[in-house]
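Student: Submitted below is the structure of interest, expressed as structure tokens.
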Amino acid sequence: MITVSPAPIDVAAELDALEAGVGAVASFTGLVRGDDGVTELELEHYPGATESALEQLAAEAEARWNLSAVRIVHRVGPMTPGERIVFVGTASAHRGAALEACAFLIDRLKTDAPFWKRETRGGTTTWVEPRGTDDLAAARWRR
Amino acid sequence: MITVSPAPIDVAAELDALEAGVGAVASFTGLVRGDDGVTELELEHYPGATESALEQLAAEAEARWNLSAVRIVHRVGPMTPGERIVFVGTASAHRGAALEACAFLIDRLKTDAPFWKRETRGGTTTWVEPRGTDDLAAARWRR
Amino acid sequence: MAVEMLYFAWVRERVGTGSELVDVPGEIDTVAALLDWLARRSERHAAAFADRGRLRAAIDQHFVPLDTPLGRAREVAIFPPVTGG
Amino acid sequence: MAVEMLYFAWVRERVGTGSELVDVPGEIDTVAALLDWLARRSERHAAAFADRGRLRAAIDQHFVPLDTPLGRAREVAIFPPVTGG
């Protein structure tokens, strides 16, 4: 259900697996943007705690919506612009459940899973600062 | 931006095209469900009017959210369980825009585009009746 | 006025054809009046158009309510509520 | 009490290591007190922990506020707010 790995993300294979026997599949893919001068992005994570946090998010989604499958794939290590950082996929008999659960998972992943991004621009590396909009997006799913 | 065709839908190729140079890609895939005894699904459409309706929906989404790309692929003709009926994909610098626009497009497509589904179960074919929940889902996007 | 009629889904099946060219008298002024006029001419049309609440229409590929004036319509489509996606 | 300290991102860089085993005195009762104690022992730790508002913590891989009692913690991680996805 959860993969945290330095390997590139194969979205076609992920979608194929989600599609088995259901009516609706929603997905989100986050990619390294190259439009602001970034030449490399490195993802650091907290091994073990990361997987637990993602498993817990997936379990929350499955408790809240009627899902037949959930996949969260997060890449770690160095990446270049255009490469996929994260894939979230949800499958359900109903499109509303698939779409909402997909949005829930990526919003909450941004604030609840121990990943840290470091950007390289030219010779300079900087740690990415968290954004207040991410906290707001995650907060709308709390009831 | 819009494809209406009897050809199978290649989601991997669609996602590849959407990913060019952006930060966020959201997608929805609707599939023929086989769990309720359906052996064949046939999609009829209104050629010309269908493409216009989908183009108009895509233009509405682009006016409402900051999107770098929109793809709507809808299959027509006969299909079997497990096959993809529709693919909606959106690309944006921001995940919120991609996710919301994707949900908007599939919700509105259900009520605004001239497609009709006919199901075959055993030897019997029946036209699918519209669902009130589809009207409600589409209505929440009207402002 | 020459109008190309298009029928889809079970409307098409009940009428028995997907399209027909009809010469509409000048006094037929709305889509609903056009359906009445067609229903008077044939039992198949009458059966197809019996339940108006389940019919939708488009004039020249734009969705319109059934009480919409025909104007200079060249193509009128009649069909059930859509069920795509 | 032996505690495995883990540091991530710029906290790791400022401390100068990703992990260290420390023997925590019994009177050190919360994560915040643990940070104070580590900061008194080394300038690198003091610099890494200076801005408490930018620090987050986990005890045995569960995220907790800094004022959480250490209890029988075996692993304490200190890191900046997360930025994945």
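Identifiers for the structure tokens are assigned positionally: chains receive A, B, ... in sequence, residues are indexed from 1 per chain, and ligands are indexed from 1 in the order shown.
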Fewer than 6 positions away in the same chain doesn't count, so skip those; otherwise give me all residues within 12 Å of Leu21 (chain D), counting only C-alpha atoms, as a PyMOL selection string.
Tutor: chain D and resi 1-7+38+74-77
Student: Limited to N, CA and C atoms, could you put the picked residues into a file as an mmCIF file, in the first residue's frame?
Tutor:
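Result went into again.cif, see below:
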data_model
loop_
_atom_site.group_PDB
_atom_site.id
_atom_site.type_symbol
_atom_site.label_atom_id
_atom_site.label_comp_id
_atom_site.auth_asym_id
_atom_site.auth_seq_id
_atom_site.Cartn_x
_atom_site.Cartn_y
_atom_site.Cartn_z
ATOM 1 N N MET D 1 19.267 7.205 31.636
ATOM 2 C CA MET D 1 18.460 6.518 30.633
ATOM 3 C C MET D 1 19.096 6.707 29.255
ATOM 4 N N ALA D 2 19.375 5.588 28.587
ATOM 5 C CA ALA D 2 19.995 5.664 27.256
ATOM 6 C C ALA D 2 18.946 6.013 26.211
ATOM 7 N N VAL D 3 19.192 7.097 25.476
ATOM 8 C CA VAL D 3 18.253 7.526 24.436
ATOM 9 C C VAL D 3 19.007 7.704 23.126
ATOM 10 N N GLU D 4 18.431 7.142 22.048
ATOM 11 C CA GLU D 4 18.992 7.339 20.716
ATOM 12 C C GLU D 4 18.407 8.634 20.168
ATOM 13 N N MET D 5 19.252 9.637 19.960
ATOM 14 C CA MET D 5 18.792 10.897 19.373
ATOM 15 C C MET D 5 18.936 10.814 17.852
ATOM 16 N N LEU D 6 17.895 11.253 17.147
ATOM 17 C CA LEU D 6 17.966 11.323 15.682
ATOM 18 C C LEU D 6 17.715 12.768 15.255
ATOM 19 N N TYR D 7 18.487 13.234 14.275
ATOM 20 C CA TYR D 7 18.324 14.595 13.771
ATOM 21 C C TYR D 7 18.136 14.555 12.266
ATOM 22 N N LEU D 38 20.967 19.120 26.224
ATOM 23 C CA LEU D 38 21.916 18.913 25.118
ATOM 24 C C LEU D 38 22.568 20.234 24.715
ATOM 25 N N ARG D 74 12.941 5.541 23.990
ATOM 26 C CA ARG D 74 14.200 4.940 23.546
ATOM 27 C C ARG D 74 14.782 5.696 22.356
ATOM 28 N N GLU D 75 13.863 6.342 21.560
ATOM 29 C CA GLU D 75 14.337 7.074 20.382
ATOM 30 C C GLU D 75 13.632 8.433 20.351
ATOM 31 N N VAL D 76 14.419 9.506 20.324
ATOM 32 C CA VAL D 76 13.844 10.855 20.235
ATOM 33 C C VAL D 76 14.401 11.519 18.981
ATOM 34 N N ALA D 77 13.493 11.945 18.087
ATOM 35 C CA ALA D 77 13.925 12.593 16.848
ATOM 36 C C ALA D 77 13.575 14.071 16.908
#
Student: Hey, could you make a per-residue contact list for chain A against chain B with 7 Å as the cut-off, showing the nearest pair of atoms and its distance in Å to one decimal, counting only C-alpha atoms, sorted by chain and number, as a tab-separated table?
Tutor:
residue	atom	partner	partner_atom	distance
A:Ala12	CA	B:Ala12	CA	5.0
A:Gly21	CA	B:Gly82	CA	6.2
A:Val22	CA	B:Arg33	CA	6.0
A:Gly23	CA	B:Leu31	CA	4.7
A:Ala24	CA	B:Gly30	CA	4.7
A:Val25	CA	B:Thr29	CA	5.1
A:Ala26	CA	B:Phe28	CA	4.4
A:Ser27	CA	B:Ser27	CA	5.1
A:Phe28	CA	B:Ala26	CA	4.4
A:Thr29	CA	B:Val25	CA	5.1
A:Gly30	CA	B:Ala24	CA	4.7
A:Leu31	CA	B:Gly23	CA	4.7
A:Val32	CA	B:Gly23	CA	6.1
A:Arg33	CA	B:Gly23	CA	5.2
A:Gly82	CA	B:Gly21	CA	6.2
A:Leu99	CA	B:Ala103	CA	6.6
A:Ala103	CA	B:Leu99	CA	6.6
Student: Store the residues of this selection in a file with N, CA, C and O atoms, as a CSV table (one decimal), in the first residue's frame.
Tutor:
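Wrote selection27.csv, looks like this:
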chain,number,residue,atom,x,y,z
A,12,ALA,N,2.2,4.4,-14.6
A,12,ALA,CA,1.4,3.5,-15.4
A,12,ALA,C,1.1,2.2,-14.7
A,12,ALA,O,0.0,1.6,-14.6
A,21,GLY,N,-10.8,-4.3,-11.2
A,21,GLY,CA,-12.2,-4.6,-10.7
A,21,GLY,C,-13.0,-3.4,-10.1
A,21,GLY,O,-13.9,-3.7,-9.4
A,22,VAL,N,-12.6,-2.2,-10.4
A,22,VAL,CA,-13.3,-1.1,-9.8
A,22,VAL,C,-13.9,-0.1,-10.9
A,22,VAL,O,-13.7,-0.3,-12.1
A,23,GLY,N,-14.7,0.8,-10.4
A,23,GLY,CA,-15.3,1.8,-11.3
A,23,GLY,C,-14.6,3.1,-11.5
A,23,GLY,O,-14.7,3.8,-12.5
A,24,ALA,N,-13.8,3.5,-10.4
A,24,ALA,CA,-13.3,4.8,-10.4
A,24,ALA,C,-11.9,4.9,-9.8
A,24,ALA,O,-11.7,4.3,-8.7
A,25,VAL,N,-10.9,5.5,-10.5
A,25,VAL,CA,-9.6,5.7,-10.0
A,25,VAL,C,-9.2,7.1,-10.0
A,25,VAL,O,-9.3,7.8,-11.1
A,26,ALA,N,-8.7,7.7,-8.9
A,26,ALA,CA,-8.2,9.1,-8.9
A,26,ALA,C,-6.8,9.0,-8.6
A,26,ALA,O,-6.3,8.1,-7.8
A,27,SER,N,-6.0,9.9,-9.1
A,27,SER,CA,-4.6,9.9,-8.8
A,27,SER,C,-4.0,11.4,-8.8
A,27,SER,O,-4.6,12.3,-9.4
A,28,PHE,N,-3.0,11.5,-8.0
A,28,PHE,CA,-2.3,12.8,-8.0
A,28,PHE,C,-0.8,12.5,-8.1
A,28,PHE,O,-0.3,11.6,-7.4
A,29,THR,N,-0.1,13.2,-9.0
A,29,THR,CA,1.3,13.1,-9.1
A,29,THR,C,2.0,14.4,-8.9
A,29,THR,O,1.6,15.4,-9.5
A,30,GLY,N,2.9,14.5,-7.9
A,30,GLY,CA,3.7,15.7,-7.7
A,30,GLY,C,5.1,15.6,-8.3
A,30,GLY,O,5.7,14.5,-8.2
A,31,LEU,N,5.5,16.6,-9.0
A,31,LEU,CA,6.8,16.5,-9.8
A,31,LEU,C,7.7,17.7,-9.4
A,31,LEU,O,7.3,18.7,-8.8
A,32,VAL,N,9.0,17.4,-9.6
A,32,VAL,CA,10.0,18.5,-9.3
A,32,VAL,C,9.8,19.6,-10.4
A,32,VAL,O,9.9,19.3,-11.6
A,33,ARG,N,9.6,20.8,-9.9
A,33,ARG,CA,9.4,21.9,-10.8
A,33,ARG,C,10.8,22.5,-11.2
A,33,ARG,O,11.7,22.6,-10.3
A,82,GLY,N,11.3,17.7,-13.4
A,82,GLY,CA,10.5,16.8,-14.2
A,82,GLY,C,10.3,15.4,-13.6
A,82,GLY,O,9.3,14.7,-14.0
A,99,LEU,N,-12.1,10.6,-5.6
A,99,LEU,CA,-11.5,11.9,-5.7
A,99,LEU,C,-11.2,12.6,-4.4
A,99,LEU,O,-10.2,13.2,-4.2
A,103,ALA,N,-7.5,13.6,-2.7
A,103,ALA,CA,-7.1,15.0,-2.2
A,103,ALA,C,-6.8,15.0,-0.7
A,103,ALA,O,-5.8,15.6,-0.3
Student: Which polymer residues have any atom within 8 Å of an atom of Ala97 (chain B), counting only C-alpha atoms, with same-chain residues fewer than 3 positions away left out, as a list of chain:residue names?
Tutor: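 So, after excluding close chain neighbours, the residues are B:Trp65, B:Asn66, B:Leu67, B:Ser92, B:His94, B:Glu100, B:Ala101.
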Student: Please identify which residues in chain D DSSP calls helix (DSSP H, G or I) from the backbone, and express them as an mmCIF file with N, CA and C atoms, in the first residue's frame.
Tutor:
data_model
loop_
_atom_site.group_PDB
_atom_site.id
_atom_site.type_symbol
_atom_site.label_atom_id
_atom_site.label_comp_id
_atom_site.auth_asym_id
_atom_site.auth_seq_id
_atom_site.Cartn_x
_atom_site.Cartn_y
_atom_site.Cartn_z
ATOM 1 N N ALA D 9 17.358 16.872 8.419
ATOM 2 C CA ALA D 9 17.389 18.128 7.651
ATOM 3 C C ALA D 9 18.387 19.104 8.281
ATOM 4 N N TRP D 10 18.017 20.398 8.416
ATOM 5 C CA TRP D 10 19.026 21.346 8.908
ATOM 6 C C TRP D 10 19.365 21.142 10.377
ATOM 7 N N VAL D 11 18.530 20.475 11.121
ATOM 8 C CA VAL D 11 18.889 20.149 12.509
ATOM 9 C C VAL D 11 20.078 19.191 12.498
ATOM 10 N N ARG D 12 20.006 18.185 11.628
ATOM 11 C CA ARG D 12 21.113 17.233 11.467
ATOM 12 C C ARG D 12 22.398 17.965 11.068
ATOM 13 N N GLU D 13 22.271 18.895 10.088
ATOM 14 C CA GLU D 13 23.461 19.611 9.626
ATOM 15 C C GLU D 13 24.081 20.453 10.742
ATOM 16 N N ARG D 14 23.201 21.133 11.546
ATOM 17 C CA ARG D 14 23.741 22.009 12.594
ATOM 18 C C ARG D 14 24.359 21.222 13.741
ATOM 19 N N VAL D 15 23.703 20.119 14.107
ATOM 20 C CA VAL D 15 24.267 19.294 15.182
ATOM 21 C C VAL D 15 25.556 18.637 14.699
ATOM 22 N N VAL D 31 10.799 16.539 26.393
ATOM 23 C CA VAL D 31 11.618 16.752 25.195
ATOM 24 C C VAL D 31 12.305 18.111 25.290
ATOM 25 N N ALA D 32 11.564 19.126 25.725
ATOM 26 C CA ALA D 32 12.139 20.474 25.823
ATOM 27 C C ALA D 32 13.311 20.493 26.806
ATOM 28 N N ALA D 33 13.155 19.807 27.941
ATOM 29 C CA ALA D 33 14.237 19.750 28.928
ATOM 30 C C ALA D 33 15.453 19.007 28.365
ATOM 31 N N LEU D 34 15.166 17.977 27.547
ATOM 32 C CA LEU D 34 16.249 17.234 26.888
ATOM 33 C C LEU D 34 17.025 18.146 25.939
ATOM 34 N N LEU D 35 16.290 19.004 25.202
ATOM 35 C CA LEU D 35 16.956 19.935 24.286
ATOM 36 C C LEU D 35 17.804 20.933 25.076
ATOM 37 N N ASP D 36 17.268 21.455 26.196
ATOM 38 C CA ASP D 36 18.031 22.382 27.048
ATOM 39 C C ASP D 36 19.330 21.727 27.531
ATOM 40 N N TRP D 37 19.180 20.486 27.972
ATOM 41 C CA TRP D 37 20.336 19.762 28.517
ATOM 42 C C TRP D 37 21.417 19.535 27.441
ATOM 43 N N LEU D 38 20.967 19.120 26.224
ATOM 44 C CA LEU D 38 21.916 18.913 25.118
ATOM 45 C C LEU D 38 22.568 20.234 24.715
ATOM 46 N N ALA D 39 21.795 21.325 24.739
ATOM 47 C CA ALA D 39 22.307 22.636 24.320
ATOM 48 C C ALA D 39 23.372 23.139 25.299
ATOM 49 N N ARG D 40 23.225 22.788 26.575
ATOM 50 C CA ARG D 40 24.228 23.209 27.567
ATOM 51 C C ARG D 40 25.559 22.478 27.369
ATOM 52 N N ARG D 41 25.484 21.303 26.746
ATOM 53 C CA ARG D 41 26.694 20.489 26.617
ATOM 54 C C ARG D 41 27.523 20.825 25.390
ATOM 55 N N GLU D 43 28.033 23.687 21.795
ATOM 56 C CA GLU D 43 27.619 24.864 21.019
ATOM 57 C C GLU D 43 26.846 24.470 19.775
ATOM 58 N N ARG D 44 27.218 23.362 19.176
ATOM 59 C CA ARG D 44 26.520 22.906 17.967
ATOM 60 C C ARG D 44 25.058 22.591 18.302
ATOM 61 N N HIS D 45 24.839 21.880 19.360
ATOM 62 C CA HIS D 45 23.474 21.583 19.772
ATOM 63 C C HIS D 45 22.733 22.871 20.121
ATOM 64 N N ALA D 46 23.409 23.785 20.825
ATOM 65 C CA ALA D 46 22.782 25.052 21.202
ATOM 66 C C ALA D 46 22.322 25.808 19.948
ATOM 67 N N ALA D 47 23.188 25.825 18.920
ATOM 68 C CA ALA D 47 22.829 26.525 17.672
ATOM 69 C C ALA D 47 21.667 25.816 16.969
ATOM 70 N N ALA D 48 21.697 24.503 16.961
ATOM 71 C CA ALA D 48 20.651 23.737 16.263
ATOM 72 C C ALA D 48 19.290 23.909 16.932
ATOM 73 N N ARG D 52 13.178 27.323 19.040
ATOM 74 C CA ARG D 52 12.285 26.203 19.359
ATOM 75 C C ARG D 52 11.016 26.183 18.499
ATOM 76 N N GLY D 53 10.583 27.366 18.063
ATOM 77 C CA GLY D 53 9.366 27.442 17.243
ATOM 78 C C GLY D 53 9.517 26.705 15.914
ATOM 79 N N ARG D 54 10.749 26.498 15.484
ATOM 80 C CA ARG D 54 10.984 25.819 14.210
ATOM 81 C C ARG D 54 11.358 24.353 14.394
#
Student: Show me, as number ranges by chain, the residues of chain A whose atoms get within 8 Å of chain D, using only C-alpha atoms for the distance check.
Tutor: A: 30, 43-46, 48-49, 74, 85-86, 106, 109-117, 127-130
Student: Can you spit out the residues from that selection as a compact mmCIF listing (two decimals), in the first residue's frame, using C-alpha atoms?
Tutor:
# COMPACT_ATOMS: atom_id res chain seq x y z
CA GLY A 30 3.72 15.69 -7.69
CA LEU A 43 14.27 14.33 -0.30
CA GLU A 44 15.37 13.29 3.19
CA HIS A 45 13.08 11.16 5.35
CA TYR A 46 12.81 9.44 8.73
CA GLY A 48 10.35 3.70 9.69
CA ALA A 49 8.42 6.70 10.97
CA HIS A 74 7.02 8.67 -2.28
CA ILE A 85 8.30 13.04 -6.20
CA VAL A 86 5.04 11.51 -5.07
CA ILE A 106 -1.92 14.41 -0.59
CA LEU A 109 0.86 13.81 3.53
CA LYS A 110 2.25 17.34 3.13
CA THR A 111 1.92 18.04 6.85
CA ASP A 112 1.95 14.62 8.53
CA ALA A 113 4.76 12.60 6.97
CA PRO A 114 8.41 13.16 7.91
CA PHE A 115 9.99 14.23 4.61
CA TRP A 116 12.24 17.23 4.09
CA LYS A 117 13.11 18.84 0.76
CA TRP A 127 16.03 23.59 2.91
CA VAL A 128 12.49 24.22 1.72
CA GLU A 129 10.37 26.13 4.24
CA PRO A 130 6.89 24.79 5.04
Student: Might you pull out every residue within 10 Å of Thr124 (chain B), with only C-alpha atoms counted and same-chain residues fewer than 4 positions away left off, and present them as a list in words?
Tutor: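 In the requested form, the answer reads Val38, Glu119 and Thr120 of chain B.
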Student: Let's have the selection written as a short mmCIF file (atom, residue, chain, number, x, y, z; two decimals), in the first residue's frame, with N, CA, C and O atoms.
Tutor:
data_model
loop_
_atom_site.label_atom_id
_atom_site.label_comp_id
_atom_site.auth_asym_id
_atom_site.auth_seq_id
_atom_site.Cartn_x
_atom_site.Cartn_y
_atom_site.Cartn_z
N VAL B 38 -22.94 -6.88 -15.63
CA VAL B 38 -22.83 -6.29 -16.96
C VAL B 38 -21.76 -7.03 -17.76
O VAL B 38 -20.65 -7.24 -17.29
N GLU B 119 -26.35 -0.81 -21.19
CA GLU B 119 -25.72 -1.97 -20.57
C GLU B 119 -26.34 -3.26 -21.10
O GLU B 119 -27.56 -3.35 -21.27
N THR B 120 -25.49 -4.26 -21.29
CA THR B 120 -25.97 -5.60 -21.63
C THR B 120 -25.68 -6.54 -20.47
O THR B 120 -24.54 -6.62 -19.99
#
Student: Output as a list of chain:residue names all residues of region 14-73 of chain B that backbone DSSP marks as strand (DSSP E or B).
Tutor: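 The strand (DSSP E or B) residues within region 14-73 of chain B come out as B:Ala24, B:Val25, B:Ala26, B:Ser27, B:Phe28, B:Thr29, B:Gly30, B:Leu31, B:Glu40, B:Leu41, B:Glu42, B:Leu43, B:Glu44, B:His45, B:Ala69, B:Val70, B:Arg71, B:Ile72, B:Val73.
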Student: Convert the current residue selection to file output with all heavy atoms, as a compact mmCIF listing (two decimals), in the first residue's frame.
Tutor:
# COMPACT_ATOMS: atom_id res chain seq x y z
N ALA B 24 2.20 19.62 -10.62
CA ALA B 24 1.10 18.81 -10.08
C ALA B 24 0.19 18.31 -11.20
O ALA B 24 -0.23 19.08 -12.06
CB ALA B 24 0.27 19.64 -9.10
N VAL B 25 -0.09 17.02 -11.17
CA VAL B 25 -1.01 16.41 -12.13
C VAL B 25 -2.05 15.60 -11.37
O VAL B 25 -1.70 14.76 -10.53
CB VAL B 25 -0.26 15.50 -13.13
CG1 VAL B 25 -1.24 14.72 -13.99
CG2 VAL B 25 0.67 16.32 -14.01
N ALA B 26 -3.33 15.87 -11.66
CA ALA B 26 -4.40 15.07 -11.08
C ALA B 26 -5.12 14.36 -12.20
O ALA B 26 -5.23 14.88 -13.31
CB ALA B 26 -5.38 15.95 -10.30
N SER B 27 -5.63 13.16 -11.91
CA SER B 27 -6.35 12.44 -12.96
C SER B 27 -7.49 11.64 -12.37
O SER B 27 -7.49 11.29 -11.19
CB SER B 27 -5.41 11.49 -13.72
OG SER B 27 -5.21 10.29 -13.00
N PHE B 28 -8.48 11.40 -13.23
CA PHE B 28 -9.58 10.52 -12.87
C PHE B 28 -9.81 9.57 -14.03
O PHE B 28 -9.84 9.99 -15.19
CB PHE B 28 -10.86 11.31 -12.59
CG PHE B 28 -12.02 10.39 -12.32
CD1 PHE B 28 -12.21 9.86 -11.06
CD2 PHE B 28 -12.88 10.00 -13.33
CE1 PHE B 28 -13.24 8.97 -10.80
CE2 PHE B 28 -13.91 9.12 -13.10
CZ PHE B 28 -14.10 8.60 -11.83
N THR B 29 -9.97 8.30 -13.72
CA THR B 29 -10.28 7.30 -14.73
C THR B 29 -11.56 6.57 -14.33
O THR B 29 -11.67 6.07 -13.21
CB THR B 29 -9.14 6.26 -14.85
OG1 THR B 29 -7.91 6.95 -15.06
CG2 THR B 29 -9.39 5.32 -16.03
N GLY B 30 -12.53 6.57 -15.23
CA GLY B 30 -13.77 5.82 -14.99
C GLY B 30 -13.73 4.55 -15.81
O GLY B 30 -13.35 4.56 -16.98
N LEU B 31 -14.10 3.42 -15.17
CA LEU B 31 -14.00 2.12 -15.83
C LEU B 31 -15.33 1.42 -15.86
O LEU B 31 -16.20 1.68 -15.03
CB LEU B 31 -12.98 1.26 -15.09
CG LEU B 31 -11.58 1.86 -14.96
CD1 LEU B 31 -11.27 2.19 -13.51
CD2 LEU B 31 -10.54 0.91 -15.50
N GLU B 40 -21.45 -6.15 -21.26
CA GLU B 40 -21.00 -5.16 -22.25
C GLU B 40 -21.63 -3.81 -21.94
O GLU B 40 -22.77 -3.73 -21.47
CB GLU B 40 -21.38 -5.58 -23.68
CG GLU B 40 -20.80 -4.65 -24.74
CD GLU B 40 -21.21 -5.02 -26.17
OE1 GLU B 40 -20.57 -5.94 -26.73
OE2 GLU B 40 -22.16 -4.40 -26.69
N LEU B 41 -20.85 -2.76 -22.18
CA LEU B 41 -21.37 -1.40 -22.05
C LEU B 41 -21.15 -0.71 -23.39
O LEU B 41 -20.06 -0.78 -23.96
CB LEU B 41 -20.62 -0.64 -20.96
CG LEU B 41 -21.14 0.76 -20.65
CD1 LEU B 41 -22.40 0.67 -19.79
CD2 LEU B 41 -20.08 1.58 -19.93
N GLU B 42 -22.22 -0.06 -23.90
CA GLU B 42 -22.05 0.67 -25.16
C GLU B 42 -22.32 2.15 -24.93
O GLU B 42 -23.30 2.53 -24.30
CB GLU B 42 -22.99 0.12 -26.25
CG GLU B 42 -22.85 0.88 -27.55
CD GLU B 42 -23.06 0.02 -28.78
OE1 GLU B 42 -23.53 -1.12 -28.63
OE2 GLU B 42 -22.74 0.50 -29.89
N LEU B 43 -21.41 2.97 -25.40
CA LEU B 43 -21.55 4.41 -25.27
C LEU B 43 -21.94 5.03 -26.60
O LEU B 43 -21.22 4.90 -27.59
CB LEU B 43 -20.21 5.03 -24.84
CG LEU B 43 -20.04 5.47 -23.39
CD1 LEU B 43 -20.92 6.66 -23.04
CD2 LEU B 43 -20.27 4.33 -22.45
N GLU B 44 -23.12 5.67 -26.60
CA GLU B 44 -23.57 6.42 -27.78
C GLU B 44 -23.29 7.90 -27.51
O GLU B 44 -23.31 8.34 -26.36
CB GLU B 44 -25.08 6.18 -27.98
CG GLU B 44 -25.67 6.90 -29.16
CD GLU B 44 -27.12 6.43 -29.46
OE1 GLU B 44 -27.46 5.27 -29.12
OE2 GLU B 44 -27.88 7.25 -30.01
N HIS B 45 -23.04 8.67 -28.55
CA HIS B 45 -22.83 10.11 -28.33
C HIS B 45 -23.38 10.91 -29.49
O HIS B 45 -23.85 10.35 -30.49
CB HIS B 45 -21.37 10.43 -28.07
CG HIS B 45 -20.50 10.42 -29.31
ND1 HIS B 45 -20.35 9.33 -30.12
CD2 HIS B 45 -19.73 11.39 -29.85
CE1 HIS B 45 -19.51 9.62 -31.11
NE2 HIS B 45 -19.14 10.86 -30.98
N ALA B 69 -2.45 22.51 -18.42
CA ALA B 69 -2.98 21.58 -19.42
C ALA B 69 -4.23 20.89 -18.90
O ALA B 69 -4.38 20.67 -17.70
CB ALA B 69 -1.93 20.52 -19.79
N VAL B 70 -5.12 20.57 -19.82
CA VAL B 70 -6.33 19.81 -19.52
C VAL B 70 -6.48 18.74 -20.59
O VAL B 70 -6.28 19.01 -21.78
CB VAL B 70 -7.60 20.70 -19.55
CG1 VAL B 70 -8.87 19.86 -19.45
CG2 VAL B 70 -7.56 21.73 -18.44
N ARG B 71 -6.81 17.52 -20.18
CA ARG B 71 -7.09 16.47 -21.15
C ARG B 71 -8.38 15.76 -20.75
O ARG B 71 -8.54 15.35 -19.61
CB ARG B 71 -5.96 15.43 -21.20
CG ARG B 71 -4.84 15.78 -22.14
CD ARG B 71 -5.29 15.74 -23.59
NE ARG B 71 -5.28 14.38 -24.13
CZ ARG B 71 -5.97 14.02 -25.20
NH1 ARG B 71 -6.76 14.89 -25.84
NH2 ARG B 71 -5.90 12.78 -25.65
N ILE B 72 -9.29 15.64 -21.73
CA ILE B 72 -10.49 14.84 -21.52
C ILE B 72 -10.53 13.83 -22.65
O ILE B 72 -10.52 14.20 -23.82
CB ILE B 72 -11.77 15.71 -21.57
CG1 ILE B 72 -11.71 16.83 -20.53
CG2 ILE B 72 -13.00 14.83 -21.33
CD1 ILE B 72 -12.89 17.80 -20.64
N VAL B 73 -10.52 12.55 -22.29
CA VAL B 73 -10.61 11.48 -23.29
C VAL B 73 -11.82 10.63 -22.94
O VAL B 73 -11.91 10.09 -21.84
CB VAL B 73 -9.34 10.60 -23.29
CG1 VAL B 73 -9.40 9.59 -24.44
CG2 VAL B 73 -8.09 11.45 -23.40
Student: Using CA of Arg108 (chain A) and CA of Ser52 (chain A) as the two end points, give the distance in Å to one decimal.
Tutor: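 Value for the CA of Arg108 (chain A)-CA of Ser52 (chain A) distance: 13.7 Å.
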